[in-house]
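Have a look at the structure below before the remarks.
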Amino acid sequence: MKPWSDEAREAFDAYCESRRGDLLAAGADPDEVFADWHAHIARETAGLPDASVGADDIRRLLARLDAPAEPAPAPAAPVAPSPAAPPRMPRLSRVAAVLVSIFGVALPLITLAVELATSMCAATFFDPLPSWVNGVLIALVPVANGLAVASLRRAGRPAWRAAGWLNGLAISVALFYALVFALLTPIAVFGILWFGLGFLPLAPLTSLICALALRLRLRRAAAADGLPPPAPVWKTLAAAIVLLGLAAAPRVVTLTGIQWAASEDAALRARGLRLLRNHGSEEELLRASYIRRQIQVDPWVWAFQLGTDPVPMERIREIYYRVTGRPFNAVKPPPLRGRRGAIFDEADWDFAQGGEAVAARVRGLSLAQSRIDGRIEAEAGVGYLEWTLVFRNDSPQQREARAQILLPPGASVSRLTLWINGEEREAAFGGRSQVREAYRNVVARRRDPVLVTTDGPDRILLQCFPVPPEGGQMKTRIGITCPLVVRDPGEGLLPMPRILERNFGAPGALQPSVWIDSDTAIADAGPLAIDRGAEGREARGELTTAALEDGLCVRVRRNRGAIASWARDDRDPASPVVVQQLVQPPAGPAAKRLAIVIDGSTHMREHTGELETILASLLRAGAELRVFFASDAVSTSVVDRASIPSLVAPKRYAGGCDNMAALVQAWDWASASGEGAVLWLHATQPFESDATESLLQRWQRRPDGPRIHACQFGGGPDRITDRLGVNPALRPVAPVAGPVADLAALGGPGSGGPTAPVWQWSKLPPGVPPPDGASPASAHLVRLWAADEIRRLAGDRSKGATDPAIALARTWQLVSAVSGAVVLETQEQYRQAGLKDIDPATAPDTIPEPMSALLALWGVALVFLGRGTVRVLRGPCVVPAGHR
């Protein structure tokens with residue numbers, strides 16, 4: 001189209017304005033007729049030889065229309081000078097501009113702001129903003145509509161090309177979200193009457209209507225003004241599809257990988273795990289581990305999940321571990337999207353409340369305070385710890401705090417205390433099912449119980465409910481009686497308890513306080529400071545939560561000749577003596593075959609140096625070694641010195657691996673020899689395996705078969721050991737001083753070498769005195785004997801064998817495989833549950849809190865001050881001379 005001169009535009013505008021009244025009177029749209037005239041003249045002038053269109057050309061072409069080129073003046077009217085040509089009128093009326101500004105600009109902006117601030121749609125139906133790309137595209141819709149209005153209303157048509165392109169993009173994005181919200185549109189119409197919230201789901205539809213109307217105006221204005229037309233819709237639609245597809249790609253890939261990883265087909269399952277590890281979104285996978293809603297409104301998800309069944313949440317949580325190598329509840333729950341909102345809102349419920357699993361982390365629940373107080377009787381080989389935990393709940397509803405705690409080797413919980421209204425309440429001890437049923441009944445009534453039961457070898461499950469909402473706190477204390485670990489008669493080791501799994505957060509600023517006293521000098525306490533002023537018998541300090549969860553061990557000096565200690569059982573009417581002795585167990589037969597199962601999970605990558613050390617030391621023992629590497633598939637290798645670095649190379653570890661298939665193969669290989677053993681080196685195993693029964697069958701059919709020595713690297717739950725730990729064929733290696741030292745203390749599994757000494761307990765007949773040279777000890781020694789006796793009785797499968805075990809646990813107030821501890825709020829609750837709360841005087845010696853100790857010292861000081869005051873008052877009264 002040829003450009004017009006200014007004189008040509010003025011002539012055309014003057015002619016059009018002169019005909020506007022006639023057209024209005026005829027019922028026509030003047031702007032539409034003018035646009036047609038403009039297009040007609042543009043076609044006519046396209047063939048002219050001149051470079052531009054002049055005023056004479058306009059007048060000549062206008063003369064051909066059904067009207068004179070210039071209006072005839074009225075005959076009677078005086079001749080007046082020609083007025084100046086009026087400015088061109090905009091192609092968008094004021095009313096239309098106001099409507100577009102409301103429904104095409106303001107409403108979508110308000111809707112976007114409300115969703116960003118409240119996550120209303122994401123928490124109720126689906127997430128319309130799964131990524132920042134979606135947010136930017138949605139924000140472009142009101143921007144494009146506003147720019148189009150400005151370009152149509154202002155002279156000079158500002159940002160004309162940008163308005164055309166953005167208008168096409170706005171139509172595409174608004175169409176996409178109008179389809180997504182189509183199911184909500186009928187509901188939204190009725191929702192308008194309720195605080196006007198129904199307008200929010202209608203924002204995509206109203207934006208689409210406004211964008212289409214603006215596009216029609218843009219096309220007419222382009223034709224009328226000789227400007228470039230808006231970009232074709234198909235181009236902008238293709239660009240929007242590409243951008244939305246890229247934004248949805250991580251989610252689609254992740255959901256597709258979940259479907260494949262949950263397949264029964266082993267090949268497809270392995271393919272899904274590889275897809276998720278290489279291209280999946282960890283945040284999307286973690287989100288799927290928490291959100292129970294399976295309703296999907298996203299068209300991309302429809303396309304890729306059409307005809308598939310939803311994957312159960314528990315299966316998704318296992319897939320998260322298989323992909324990342326971490327339990328899903330070992331990391332902070334993800335936000336719904338970006339930095340907005342949390343995965344749980346006020347209406348969400350803790351579905352594992354009152355159950356027997358730690359399960360998912362819950363919003364707002366955290367560990368506010370943590371302290372460990374301990375006392376060590378080094379010569380007697382006994383330790384006692386009290387762990388005080390304070391939970392805080394910032395959510396608007398009551399929460400249950402749950403944690404799996406690893407105790408020191410051979411330890412038992414001997415005390416449980418709950419603070420109710422500032423008053424200490426001691427626990428009742430009873431049968432495992434009895435105390436759990438009492439806890440569930442009280443939880444259902446939303447009262448104040450705390451429950452402790454065993455949860456595997458040297459593991460307990462702690463449950464506290466309810467932690468009050470809105471910043472409320474709940475305080476509990478666990479008393480732990482434990483034997484010292486003695487690997488050299490000249491020293492004793494006391495590992496601190498640690499949390500393996502929890503459903504609450506632990507703020508980075510939290511610093512658990514630890515204070516340990518000993519009756520002998522403390523040789524080493526890790527990061528704790530040893531008080532040399534107290535003859536080195538105190539170690540204390542504040543640690544990070546991570547340091548405590550990684551493991552802490554206190555080492556004390558002891559007399560090498562102190563191999564026996566004793567205490568009286570004052571709860572037996574005959575008051576017999578209980579003796580604890582340190583004995584050296586006989587060395588087992590050397591294994592001809594040693595199968596080594598190495599977990600291929602990501603966490604083991606950090607321990608390649610330790611693995612090389614262990615393999616090298618085992619190689620020197622002379623047994624036939626074979627490594628079974630447990631990855632997505634089991635690989636076997638013969639061990640020699642040259643192959644050790646490649647067997648444990650960091651590149652071999654990925655995700656979280658199921659070790660059961662490798663354990664079964666290792667057991668089969670080791671059992672082919674008359675004397676074989678299995679060493680299992682593994683990281684956390686938060687899920688049971690589908691092949692557990694296969695290994696149990698081998699143990700039951702061949703009870704004299706190879707033993708499996710399980711050594712865990714790092715923290716975290718171990719569901720396989722929890723499931724198999726009751727079987728004597730599985731021998732977990734107690735975590736004390738690190739895997740290398742712990743395995744060396746065993747003399748090397750299957751090596752036939754000397755092992756570390758162990759404690760043995762026995763009760764002497766009434767009236768028999770303690771042996772000569774034995775050190776006297778506190779009642780905790782009797783508790784250790786009782787715990788050992790309970791384990792022996794619980795292992796007896798004969799009918800009624802557990803009854804004396806439960807009775808002994810009640811007498812000495814111990815948590816065991818057949819007993820538990822629960823604190824209830826009222827005596828009526830104890831009566832209904834058939835339980836009896838203990839006499840506080842029979843609880844283990846309380847380690848005073850700092851405030852209690854201070855008050856005690858202050859009381860003693862007042863007594864002495866009081867006595868001095870009495871003596872002064874009873875003495876002679878002397879009055880100064882000036883006051884007589």
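So you can find residues: chains in the structure tokens are A, B, ... in the order shown, residues in each start at 1, and ligands are numbered from 1 in order.
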Near stretch 198-215 of chain A, counting only C-alpha atoms, which residues have an atom at most 7 Å away, once you skip same-chain residues fewer than 6 positions from it, shown as a list in words?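 Answer for this query is Val100, Phe103, Gly104, Leu107, Pro108, Thr111, Asn145, Ala148, Asn167, Ala170, Ile171, Ala174, Leu175, Tyr177, Ala178, Phe181, Leu184, Thr185, Ala188, Val189, Phe190, Gly191 and Ile192 of chain A.
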Residue list (strand (DSSP E), DSSP) for stretch 428-481 of chain A, as an MDAnalysis selection string: chainID A and resid 428:431 450:454 459:467 472:481
In Å, rounded to a single decimal, give me how far atom CA of A:Trp165 is from atom CA of A:Ala248. 22.9 Å
Judged by only C-alpha atoms, the minimum distance to A:Gly716 among A:Leu109, A:Leu582, A:Ile405, A:Leu61 is found for A:Ile405
Show which residues sit within 12 Å of A:Val242, as JSON, numbers by chain. Count only C-alpha atoms, and ignore same-chain residues fewer than 4 positions away. {"A": [133, 134, 137, 169, 172, 173, 235, 236, 237, 238, 246, 247, 248, 249]}
Store the residues picked out above, limited to N, CA, C and O atoms, as an mmCIF file, in the first residue's frame.
data_model
loop_
_atom_site.group_PDB
_atom_site.id
_atom_site.type_symbol
_atom_site.label_atom_id
_atom_site.label_comp_id
_atom_site.auth_asym_id
_atom_site.auth_seq_id
_atom_site.Cartn_x
_atom_site.Cartn_y
_atom_site.Cartn_z
ATOM 1 N N VAL A 133 6.619 -20.185 34.419
ATOM 2 C CA VAL A 133 6.261 -19.904 33.031
ATOM 3 C C VAL A 133 4.760 -19.701 32.903
ATOM 4 O O VAL A 133 4.299 -18.788 32.206
ATOM 5 N N ASN A 134 3.964 -20.539 33.579
ATOM 6 C CA ASN A 134 2.517 -20.367 33.543
ATOM 7 C C ASN A 134 2.110 -19.025 34.130
ATOM 8 O O ASN A 134 1.199 -18.361 33.609
ATOM 9 N N LEU A 137 2.829 -16.274 31.512
ATOM 10 C CA LEU A 137 1.876 -16.300 30.397
ATOM 11 C C LEU A 137 0.513 -15.773 30.823
ATOM 12 O O LEU A 137 -0.144 -15.039 30.064
ATOM 13 N N LEU A 169 -1.243 -13.844 21.323
ATOM 14 C CA LEU A 169 -0.785 -14.701 22.407
ATOM 15 C C LEU A 169 -1.811 -14.742 23.540
ATOM 16 O O LEU A 169 -2.049 -15.796 24.139
ATOM 17 N N SER A 172 -4.615 -17.130 22.695
ATOM 18 C CA SER A 172 -4.212 -18.527 22.828
ATOM 19 C C SER A 172 -4.181 -18.957 24.291
ATOM 20 O O SER A 172 -4.705 -20.014 24.656
ATOM 21 N N VAL A 173 -3.557 -18.133 25.175
ATOM 22 C CA VAL A 173 -3.464 -18.486 26.587
ATOM 23 C C VAL A 173 -4.838 -18.472 27.235
ATOM 24 O O VAL A 173 -5.192 -19.377 28.010
ATOM 25 N N LYS A 235 0.116 -18.464 14.312
ATOM 26 C CA LYS A 235 1.488 -18.300 14.784
ATOM 27 C C LYS A 235 1.534 -18.109 16.301
ATOM 28 O O LYS A 235 2.337 -18.733 16.998
ATOM 29 N N THR A 236 0.685 -17.226 16.811
ATOM 30 C CA THR A 236 0.669 -16.999 18.258
ATOM 31 C C THR A 236 0.158 -18.225 19.009
ATOM 32 O O THR A 236 0.614 -18.524 20.118
ATOM 33 N N LEU A 237 -0.800 -18.952 18.420
ATOM 34 C CA LEU A 237 -1.289 -20.176 19.054
ATOM 35 C C LEU A 237 -0.178 -21.218 19.138
ATOM 36 O O LEU A 237 -0.013 -21.893 20.171
ATOM 37 N N ALA A 238 0.600 -21.346 18.083
ATOM 38 C CA ALA A 238 1.719 -22.293 18.100
ATOM 39 C C ALA A 238 2.752 -21.891 19.152
ATOM 40 O O ALA A 238 3.280 -22.747 19.879
ATOM 41 N N LEU A 246 6.416 -26.586 27.235
ATOM 42 C CA LEU A 246 7.697 -26.580 27.943
ATOM 43 C C LEU A 246 7.490 -26.428 29.446
ATOM 44 O O LEU A 246 8.208 -27.041 30.245
ATOM 45 N N ALA A 247 6.508 -25.615 29.829
ATOM 46 C CA ALA A 247 6.230 -25.442 31.257
ATOM 47 C C ALA A 247 5.697 -26.727 31.882
ATOM 48 O O ALA A 247 5.989 -27.039 33.044
ATOM 49 N N ALA A 248 4.906 -27.493 31.121
ATOM 50 C CA ALA A 248 4.307 -28.719 31.653
ATOM 51 C C ALA A 248 5.213 -29.928 31.507
ATOM 52 O O ALA A 248 4.926 -30.988 32.078
ATOM 53 N N ALA A 249 6.305 -29.799 30.754
ATOM 54 C CA ALA A 249 7.149 -30.956 30.455
ATOM 55 C C ALA A 249 7.673 -31.655 31.715
ATOM 56 O O ALA A 249 7.580 -32.891 31.814
#
Determine which residues of stretch 148-281 of chain A receive a DSSP assignment of alpha helix (DSSP H), computed from the backbone, and state them as a ChimeraX atom specification. /A:148-153,160-180,185-191,199-225,233-261,266-279
Selected residue of minimal separation from A:Ala231 among A:Val141, A:Val577, A:Leu166, A:Leu273, counting only C-alpha atoms: A:Leu166
Near A:Ala46, counting only C-alpha atoms, which residues have an atom at most 9 Å away, once you skip same-chain residues fewer than 3 positions from it, shown as an NGL selection string? :A and (1-2 or 41-43 or 49)
For A:Pro735, work out the shell of residues within 9 Å, counting only C-alpha atoms and skipping chain neighbours fewer than 3 positions away, then give it as a ChimeraX atom specification. /A:408-409,495,551,711-713,732,738-739,742
Neighbours of stretch 753-769 of chain A within 7 Å (only C-alpha atoms; same-chain residues fewer than 2 positions away dropped), as an NGL selection string? :A and (486-487 or 574-585 or 587 or 745-748 or 751 or 771 or 785)
Include N, CA, C and O atoms and write out the residues we just selected as a compact mmCIF listing (two decimals), in the first residue's frame.
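After the write, result.txt holds the following:
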# COMPACT_ATOMS: atom_id res chain seq x y z
N VAL A 486 31.73 -52.36 75.93
CA VAL A 486 33.12 -52.56 76.33
C VAL A 486 33.82 -53.37 75.25
O VAL A 486 33.51 -54.55 75.05
N ARG A 487 34.72 -52.73 74.55
CA ARG A 487 35.53 -53.44 73.55
C ARG A 487 36.96 -53.65 74.05
O ARG A 487 37.67 -54.48 73.52
N ALA A 574 12.52 -61.61 98.43
CA ALA A 574 13.73 -62.22 99.00
C ALA A 574 14.95 -61.35 98.82
O ALA A 574 16.01 -61.65 99.38
N SER A 575 14.85 -60.28 98.06
CA SER A 575 15.94 -59.34 97.82
C SER A 575 17.23 -60.04 97.40
O SER A 575 18.28 -59.86 98.02
N PRO A 576 17.15 -60.82 96.32
CA PRO A 576 18.36 -61.53 95.88
C PRO A 576 19.33 -60.57 95.19
O PRO A 576 18.99 -59.45 94.83
N VAL A 577 20.53 -61.05 94.96
CA VAL A 577 21.57 -60.27 94.32
C VAL A 577 21.57 -60.59 92.82
O VAL A 577 21.50 -61.75 92.41
N VAL A 578 21.66 -59.53 92.01
CA VAL A 578 21.80 -59.67 90.57
C VAL A 578 23.23 -59.30 90.21
O VAL A 578 23.74 -58.26 90.64
N VAL A 579 23.87 -60.16 89.42
CA VAL A 579 25.28 -59.98 89.08
C VAL A 579 25.40 -59.74 87.57
O VAL A 579 24.72 -60.41 86.77
N GLN A 580 26.23 -58.79 87.24
CA GLN A 580 26.56 -58.52 85.84
C GLN A 580 28.04 -58.78 85.65
O GLN A 580 28.88 -58.24 86.38
N GLN A 581 28.38 -59.61 84.65
CA GLN A 581 29.76 -59.99 84.42
C GLN A 581 30.15 -59.75 82.98
O GLN A 581 29.33 -59.91 82.06
N LEU A 582 31.41 -59.36 82.78
CA LEU A 582 31.96 -59.15 81.45
C LEU A 582 32.68 -60.44 81.04
O LEU A 582 33.63 -60.86 81.70
N VAL A 583 32.19 -61.06 79.96
CA VAL A 583 32.75 -62.35 79.53
C VAL A 583 33.22 -62.23 78.09
O VAL A 583 32.71 -61.42 77.30
N GLN A 584 34.17 -63.06 77.75
CA GLN A 584 34.67 -63.12 76.39
C GLN A 584 34.00 -64.29 75.67
O GLN A 584 34.21 -65.45 76.02
N PRO A 585 33.15 -64.01 74.66
CA PRO A 585 32.48 -65.12 73.98
C PRO A 585 33.47 -65.93 73.17
O PRO A 585 34.48 -65.41 72.70
N ALA A 587 35.19 -67.71 70.07
CA ALA A 587 35.27 -67.34 68.66
C ALA A 587 34.49 -68.35 67.83
O ALA A 587 34.56 -69.56 68.06
N ALA A 745 35.40 -54.76 65.78
CA ALA A 745 35.12 -55.27 67.12
C ALA A 745 34.51 -56.66 67.09
O ALA A 745 34.60 -57.41 68.06
N LEU A 746 33.87 -57.00 65.97
CA LEU A 746 33.32 -58.34 65.82
C LEU A 746 34.37 -59.35 65.38
O LEU A 746 34.08 -60.52 65.22
N GLY A 747 35.59 -58.89 65.15
CA GLY A 747 36.64 -59.77 64.69
C GLY A 747 36.52 -60.08 63.21
O GLY A 747 37.20 -60.98 62.70
N GLY A 748 35.65 -59.34 62.51
CA GLY A 748 35.41 -59.65 61.11
C GLY A 748 34.37 -60.74 61.02
O GLY A 748 34.59 -61.86 61.48
N SER A 751 35.14 -64.53 60.32
CA SER A 751 36.59 -64.72 60.25
C SER A 751 37.10 -65.72 61.27
O SER A 751 38.20 -66.23 61.16
N PRO A 771 29.67 -61.79 94.58
CA PRO A 771 31.02 -62.34 94.47
C PRO A 771 32.07 -61.33 94.93
O PRO A 771 31.88 -60.12 94.89
N TRP A 785 19.23 -56.67 83.85
CA TRP A 785 18.93 -58.11 83.98
C TRP A 785 17.49 -58.40 83.59
O TRP A 785 17.21 -59.36 82.87
